[in-house]
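Shown below: structure.cif, with mmCIF, C-alpha atoms, pLDDT in the B column; chains and numbers go by the auth columns.
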```cif
data_coords
#
loop_
_atom_site.group_PDB
_atom_site.id
_atom_site.type_symbol
_atom_site.label_atom_id
_atom_site.label_comp_id
_atom_site.label_asym_id
_atom_site.label_seq_id
_atom_site.Cartn_x
_atom_site.Cartn_y
_atom_site.Cartn_z
_atom_site.B_iso_or_equiv
_atom_site.auth_seq_id
_atom_site.auth_asym_id
ATOM 1 C CA PRO A 1 -9.992 -59.842 2.374 36.00 4 A
ATOM 2 C CA THR A 2 -6.391 -60.507 3.232 35.00 5 A
ATOM 3 C CA PRO A 3 -3.480 -59.797 0.916 37.00 6 A
ATOM 4 C CA ALA A 4 -3.987 -63.250 -0.566 36.00 7 A
ATOM 5 C CA GLY A 5 -7.431 -62.092 -1.617 36.00 8 A
ATOM 6 C CA ARG A 6 -6.151 -58.822 -3.047 39.00 9 A
ATOM 7 C CA GLY A 7 -3.083 -59.687 -5.032 38.00 10 A
ATOM 8 C CA ALA A 8 -0.692 -61.724 -2.937 38.00 11 A
ATOM 9 C CA GLY A 9 -2.117 -64.990 -4.227 37.00 12 A
ATOM 10 C CA SER A 10 -0.481 -68.324 -4.614 34.00 13 A
ATOM 11 C CA GLY A 11 1.014 -69.745 -7.779 34.00 14 A
ATOM 12 C CA PRO A 12 4.422 -69.001 -9.199 35.00 15 A
ATOM 13 C CA GLY A 13 4.103 -65.445 -8.053 36.00 16 A
ATOM 14 C CA GLY A 14 3.319 -64.277 -11.547 35.00 17 A
ATOM 15 C CA ASP A 15 -0.431 -63.897 -11.247 36.00 18 A
ATOM 16 C CA ILE A 16 -0.205 -60.907 -13.583 35.00 19 A
ATOM 17 C CA LEU A 17 0.993 -61.158 -17.167 32.00 20 A
ATOM 18 C CA GLY A 18 2.057 -58.404 -19.495 31.00 21 A
ATOM 19 C CA PRO A 19 5.142 -56.834 -21.100 30.00 22 A
ATOM 20 C CA VAL A 20 6.484 -55.052 -18.019 32.00 23 A
ATOM 21 C CA PRO A 21 10.232 -54.401 -17.582 31.00 24 A
ATOM 22 C CA VAL A 22 11.912 -55.317 -14.288 35.00 25 A
ATOM 23 C CA ASP A 23 14.289 -52.844 -12.716 39.00 26 A
ATOM 24 C CA GLY A 24 15.550 -51.624 -9.373 41.00 27 A
ATOM 25 C CA LEU A 25 15.818 -54.990 -7.647 38.00 28 A
ATOM 26 C CA ALA A 26 18.071 -54.734 -4.626 38.00 29 A
ATOM 27 C CA PRO A 27 20.055 -57.865 -3.712 38.00 30 A
ATOM 28 C CA LEU A 28 19.845 -59.117 -0.147 37.00 31 A
ATOM 29 C CA PRO A 29 22.647 -60.682 1.867 38.00 32 A
ATOM 30 C CA SER A 30 22.741 -64.481 1.591 36.00 33 A
ATOM 31 C CA ARG A 31 20.587 -66.469 3.995 40.00 34 A
ATOM 32 C CA SER A 32 19.100 -69.917 4.207 40.00 35 A
ATOM 33 C CA PRO A 33 16.367 -70.649 1.597 49.00 36 A
ATOM 34 C CA ARG A 34 13.916 -71.962 4.179 68.00 37 A
ATOM 35 C CA ALA A 35 10.460 -70.875 5.144 81.00 38 A
ATOM 36 C CA LEU A 36 10.536 -67.890 7.464 89.00 39 A
ATOM 37 C CA ALA A 37 9.643 -68.074 11.153 92.00 40 A
ATOM 38 C CA PRO A 38 8.267 -65.432 13.529 95.00 41 A
ATOM 39 C CA GLY A 39 11.083 -63.096 14.528 95.00 42 A
ATOM 40 C CA ASP A 40 13.099 -63.601 11.320 93.00 43 A
ATOM 41 C CA VAL A 41 14.171 -60.330 9.698 92.00 44 A
ATOM 42 C CA VAL A 42 14.403 -59.801 5.928 91.00 45 A
ATOM 43 C CA ALA A 43 16.561 -56.999 4.478 90.00 46 A
ATOM 44 C CA GLY A 44 17.325 -55.721 7.959 90.00 47 A
ATOM 45 C CA ARG A 45 13.858 -54.203 8.325 94.00 48 A
ATOM 46 C CA TYR A 46 10.952 -56.638 7.742 96.00 49 A
ATOM 47 C CA ARG A 47 10.354 -58.661 10.941 97.00 50 A
ATOM 48 C CA VAL A 48 8.113 -61.695 10.410 96.00 51 A
ATOM 49 C CA VAL A 49 5.125 -61.904 12.767 97.00 52 A
ATOM 50 C CA LYS A 50 3.265 -64.983 11.484 95.00 53 A
ATOM 51 C CA PRO A 51 2.478 -66.957 8.313 93.00 54 A
ATOM 52 C CA LEU A 52 -0.626 -65.872 6.375 91.00 55 A
ATOM 53 C CA GLY A 53 -0.769 -68.311 3.491 86.00 56 A
ATOM 54 C CA ARG A 54 1.096 -70.805 1.392 83.00 57 A
ATOM 55 C CA GLY A 55 1.094 -71.548 -2.319 75.00 58 A
ATOM 56 C CA SER A 56 2.878 -74.042 -4.519 67.00 59 A
ATOM 57 C CA PHE A 57 5.895 -71.758 -5.014 66.00 60 A
ATOM 58 C CA GLY A 58 6.053 -69.654 -1.870 78.00 61 A
ATOM 59 C CA HIS A 59 4.652 -68.268 1.334 89.00 62 A
ATOM 60 C CA THR A 60 3.002 -65.043 2.477 92.00 63 A
ATOM 61 C CA TYR A 61 3.683 -63.646 5.948 96.00 64 A
ATOM 62 C CA LEU A 62 2.454 -60.854 8.146 97.00 65 A
ATOM 63 C CA ALA A 63 5.526 -58.754 8.916 97.00 66 A
ATOM 64 C CA VAL A 64 6.363 -55.427 10.504 98.00 67 A
ATOM 65 C CA ASP A 65 8.392 -52.827 8.627 97.00 68 A
ATOM 66 C CA THR A 66 10.629 -51.550 11.419 96.00 69 A
ATOM 67 C CA ALA A 67 11.975 -48.736 9.200 95.00 70 A
ATOM 68 C CA ALA A 68 8.454 -47.357 8.624 94.00 71 A
ATOM 69 C CA GLY A 69 7.221 -47.018 12.196 94.00 72 A
ATOM 70 C CA ASP A 70 6.358 -50.705 12.640 94.00 73 A
ATOM 71 C CA ARG A 71 3.819 -50.613 9.814 96.00 74 A
ATOM 72 C CA GLU A 72 2.222 -54.027 9.207 97.00 75 A
ATOM 73 C CA VAL A 73 2.953 -55.415 5.747 98.00 76 A
ATOM 74 C CA ALA A 74 2.331 -58.601 3.803 96.00 77 A
ATOM 75 C CA LEU A 75 5.649 -60.215 2.827 95.00 78 A
ATOM 76 C CA LYS A 76 5.360 -62.625 -0.092 91.00 79 A
ATOM 77 C CA GLN A 77 8.323 -64.996 -0.468 91.00 80 A
ATOM 78 C CA LEU A 78 9.050 -66.979 -3.623 85.00 81 A
ATOM 79 C CA ARG A 79 11.694 -69.697 -3.644 74.00 82 A
ATOM 80 C CA ALA A 80 12.843 -70.459 -7.184 68.00 83 A
ATOM 81 C CA GLU A 81 14.077 -74.053 -6.999 66.00 84 A
ATOM 82 C CA GLY A 82 14.433 -76.722 -9.653 62.00 85 A
ATOM 83 C CA GLU A 83 14.052 -76.508 -13.412 63.00 86 A
ATOM 84 C CA GLY A 84 11.037 -74.208 -13.364 63.00 87 A
ATOM 85 C CA GLY A 85 12.468 -71.994 -10.638 70.00 88 A
ATOM 86 C CA TRP A 86 14.021 -69.349 -12.837 73.00 89 A
ATOM 87 C CA LYS A 87 10.875 -69.052 -14.945 77.00 90 A
ATOM 88 C CA ALA A 88 8.814 -68.699 -11.759 76.00 91 A
ATOM 89 C CA LEU A 89 11.241 -66.002 -10.561 80.00 92 A
ATOM 90 C CA GLU A 90 10.914 -64.157 -13.884 82.00 93 A
ATOM 91 C CA LEU A 91 7.106 -64.245 -13.633 80.00 94 A
ATOM 92 C CA PHE A 92 7.270 -63.121 -9.994 80.00 95 A
ATOM 93 C CA GLU A 93 9.451 -60.152 -10.958 82.00 96 A
ATOM 94 C CA ARG A 94 7.080 -59.238 -13.790 82.00 97 A
ATOM 95 C CA GLU A 95 4.203 -59.363 -11.307 79.00 98 A
ATOM 96 C CA ALA A 96 6.100 -57.076 -8.920 83.00 99 A
ATOM 97 C CA ALA A 97 6.842 -54.547 -11.668 85.00 100 A
ATOM 98 C CA ALA A 98 3.234 -54.594 -12.886 83.00 101 A
ATOM 99 C CA LEU A 99 1.794 -54.260 -9.389 84.00 102 A
ATOM 100 C CA ARG A 100 4.098 -51.341 -8.506 89.00 103 A
ATOM 101 C CA SER A 101 2.532 -49.323 -11.326 89.00 104 A
ATOM 102 C CA LEU A 102 -1.062 -49.864 -10.156 92.00 105 A
ATOM 103 C CA ARG A 103 -2.967 -47.274 -8.116 93.00 106 A
ATOM 104 C CA HIS A 104 -6.444 -48.423 -7.163 94.00 107 A
ATOM 105 C CA HIS A 105 -8.184 -48.552 -3.770 93.00 108 A
ATOM 106 C CA GLY A 106 -9.028 -52.243 -4.329 92.00 109 A
ATOM 107 C CA ILE A 107 -5.441 -53.333 -5.056 91.00 110 A
ATOM 108 C CA PRO A 108 -2.805 -53.427 -2.293 91.00 111 A
ATOM 109 C CA GLU A 109 0.053 -50.954 -2.603 92.00 112 A
ATOM 110 C CA ILE A 110 3.498 -52.443 -3.276 93.00 113 A
ATOM 111 C CA PHE A 111 6.164 -50.984 -0.986 93.00 114 A
ATOM 112 C CA ASP A 112 9.272 -52.981 -1.869 91.00 115 A
ATOM 113 C CA HIS A 113 10.659 -55.801 -4.016 89.00 116 A
ATOM 114 C CA LEU A 114 13.809 -57.677 -3.007 89.00 117 A
ATOM 115 C CA ARG A 115 15.722 -60.763 -4.046 84.00 118 A
ATOM 116 C CA GLU A 116 18.610 -62.896 -2.867 77.00 119 A
ATOM 117 C CA THR A 117 20.434 -66.097 -3.738 74.00 120 A
ATOM 118 C CA ALA A 118 21.344 -68.608 -1.047 67.00 121 A
ATOM 119 C CA ASP A 119 22.970 -71.970 -1.790 71.00 122 A
ATOM 120 C CA GLY A 120 22.090 -71.586 -5.478 73.00 123 A
ATOM 121 C CA VAL A 121 18.403 -70.989 -4.735 76.00 124 A
ATOM 122 C CA ALA A 122 16.913 -67.660 -5.797 76.00 125 A
ATOM 123 C CA ILE A 123 14.525 -66.105 -3.284 84.00 126 A
ATOM 124 C CA ALA A 124 12.399 -63.067 -4.093 89.00 127 A
ATOM 125 C CA TYR A 125 10.245 -60.987 -1.763 92.00 128 A
ATOM 126 C CA LEU A 126 7.352 -58.696 -2.499 91.00 129 A
ATOM 127 C CA VAL A 127 6.399 -56.310 0.324 95.00 130 A
ATOM 128 C CA MET A 128 2.876 -54.959 0.101 94.00 131 A
ATOM 129 C CA GLU A 129 0.079 -53.320 1.997 95.00 132 A
ATOM 130 C CA TYR A 130 -1.448 -55.632 4.595 96.00 133 A
ATOM 131 C CA VAL A 131 -5.242 -55.727 4.600 93.00 134 A
ATOM 132 C CA ALA A 132 -6.640 -57.346 7.741 91.00 135 A
ATOM 133 C CA GLY A 133 -9.677 -59.586 7.504 88.00 136 A
ATOM 134 C CA PRO A 134 -10.799 -63.171 7.011 84.00 137 A
ATOM 135 C CA THR A 135 -9.574 -65.087 3.980 79.00 138 A
ATOM 136 C CA LEU A 136 -11.937 -66.591 1.451 76.00 139 A
ATOM 137 C CA GLU A 137 -10.674 -70.012 2.563 79.00 140 A
ATOM 138 C CA LEU A 138 -11.688 -69.291 6.175 83.00 141 A
ATOM 139 C CA ARG A 139 -15.121 -68.017 5.109 82.00 142 A
ATOM 140 C CA ILE A 140 -15.679 -71.235 3.142 83.00 143 A
ATOM 141 C CA GLU A 141 -14.502 -73.432 6.041 88.00 144 A
ATOM 142 C CA GLU A 142 -16.837 -71.604 8.433 89.00 145 A
ATOM 143 C CA HIS A 143 -19.719 -71.777 5.929 82.00 146 A
ATOM 144 C CA ALA A 144 -19.968 -67.993 6.264 81.00 147 A
ATOM 145 C CA GLY A 145 -22.197 -66.827 3.461 80.00 148 A
ATOM 146 C CA LEU A 146 -22.890 -63.326 2.240 81.00 149 A
ATOM 147 C CA ASP A 147 -26.285 -61.695 2.164 87.00 150 A
ATOM 148 C CA PRO A 148 -27.404 -60.591 -1.326 92.00 151 A
ATOM 149 C CA ALA A 149 -26.528 -56.915 -0.704 94.00 152 A
ATOM 150 C CA ALA A 150 -22.999 -57.774 0.507 88.00 153 A
ATOM 151 C CA LEU A 151 -22.517 -60.132 -2.422 89.00 154 A
ATOM 152 C CA LEU A 152 -23.592 -57.398 -4.842 95.00 155 A
ATOM 153 C CA ARG A 153 -21.141 -54.911 -3.254 93.00 156 A
ATOM 154 C CA LEU A 154 -18.331 -57.497 -3.550 89.00 157 A
ATOM 155 C CA ALA A 155 -19.141 -58.265 -7.199 94.00 158 A
ATOM 156 C CA LEU A 156 -19.310 -54.573 -8.109 96.00 159 A
ATOM 157 C CA GLY A 157 -15.989 -53.950 -6.341 94.00 160 A
ATOM 158 C CA LEU A 158 -14.342 -56.780 -8.285 93.00 161 A
ATOM 159 C CA LEU A 159 -15.782 -55.490 -11.561 96.00 162 A
ATOM 160 C CA ASP A 160 -14.412 -52.012 -10.752 96.00 163 A
ATOM 161 C CA ILE A 161 -10.923 -53.490 -10.298 95.00 164 A
ATOM 162 C CA LEU A 162 -11.189 -55.486 -13.543 94.00 165 A
ATOM 163 C CA GLU A 163 -12.377 -52.389 -15.416 95.00 166 A
ATOM 164 C CA TYR A 164 -9.360 -50.452 -14.090 96.00 167 A
ATOM 165 C CA LEU A 165 -6.905 -53.218 -15.043 93.00 168 A
ATOM 166 C CA HIS A 166 -8.328 -53.824 -18.507 93.00 169 A
ATOM 167 C CA ALA A 167 -8.434 -50.090 -19.311 95.00 170 A
ATOM 168 C CA ARG A 168 -4.663 -49.737 -18.816 92.00 171 A
ATOM 169 C CA VAL A 169 -2.378 -49.604 -21.841 90.00 172 A
ATOM 170 C CA PRO A 170 -1.369 -52.345 -22.253 88.00 173 A
ATOM 171 C CA PRO A 171 -4.166 -54.024 -20.298 89.00 174 A
ATOM 172 C CA VAL A 172 -3.183 -55.993 -17.221 87.00 175 A
ATOM 173 C CA LEU A 173 -4.483 -59.566 -17.300 82.00 176 A
ATOM 174 C CA HIS A 174 -4.716 -61.790 -14.229 72.00 177 A
ATOM 175 C CA ARG A 175 -3.742 -65.401 -14.920 64.00 178 A
ATOM 176 C CA ASP A 176 -5.931 -66.972 -12.243 57.00 179 A
#
```
Give the structure from the file, written as structure tokens.
Amino acid sequence: PTPAGRGAGSGPGGDILGPVPVDGLAPLPSRSPRALAPGDVVAGRYRVVKPLGRGSFGHTYLAVDTAAGDREVALKQLRAEGEGGWKALELFEREAAALRSLRHHGIPEIFDHLRETADGVAIAYLVMEYVAGPTLELRIEEHAGLDPAALLRLALGLLDILEYLHARVPPVLHRD
């Protein structure tokens, strides 16, 4: 699964709910609140390679962290526009704080969380472990099924993640 399949999903960026404080957000220099293009650099270190996915509130990109030996990362961008924008940004920041505290082999590691404001539009970024592989969407489009043993392994892996999340205090609940 790609990052979209392991935590970098679509929606207002707040796929995880729970009473988690937000701290340590570093502001970025102002830039245009547009979708990123290959070659664009965020925070002076994350160079965009290509888009990975798109949701109703943002985009996810494959990027290279030039300050970490050109490590591939998933860069999730949320643009908080309009009336619901600030609420979406708040949920996105709660998701980032919750995800940073998680340590499980089935959940991507969060490396960084950044935000900026450009032309009155708040833009937040979540930088996480990139996991190469086909997306669920691609598997569905290609009618690529799973044999029963692979399906069982997938289901057991998902149940292991849910058990880990629900055993935390307070439990972490996924909105989707």
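Relative to CA of Ala125 (chain A), CA of Arg82 (chain A) is found at 6.0 Å.
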Expressed in Å, the length from CA of Thr138 (chain A) to CA of Gly72 (chain A) is 26.0 Å
Could you write out as a ChimeraX atom specification the residues that the PyMOL selection byres ((chain A and resi 103) around 10) matches in the shown file? /A:97-102,104-106,111-116,131
Extending 4 Å beyond the listed atoms of region 161-175 of chain A on each side, what axis-aligned box results? I want centre and edge lengths in Å to one decimal, as lines of an AutoDock Vina configuration file.
```
center_x = -8.6
center_y = -53.2
center_z = -15.3
size_x = 22.4
size_y = 15.2
size_z = 22.0
```
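Considering only C-alpha atoms, the residue among A:Val124, A:Leu162, A:Ala170, A:Ala147 positioned nearest to Trp89 (chain A) is A:Val124.
Take the candidates A:Val175, A:Ala38, A:Leu168, A:Val44 and check each one against Gly56 (chain A) using all atoms listed in the file; the shortest distance goes to A:Ala38.
Computed from the coordinates, the CA of Leu65 (chain A) to CA of Gly136 (chain A) distance equals 12.2 Å.
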Suppose a student applies the PyMOL selection byres ((chain A and resi 75) around 12) to this structure; what residues should they get, written as a ChimeraX atom specification? /A:6,48-53,64-74,76-78,114,130-135
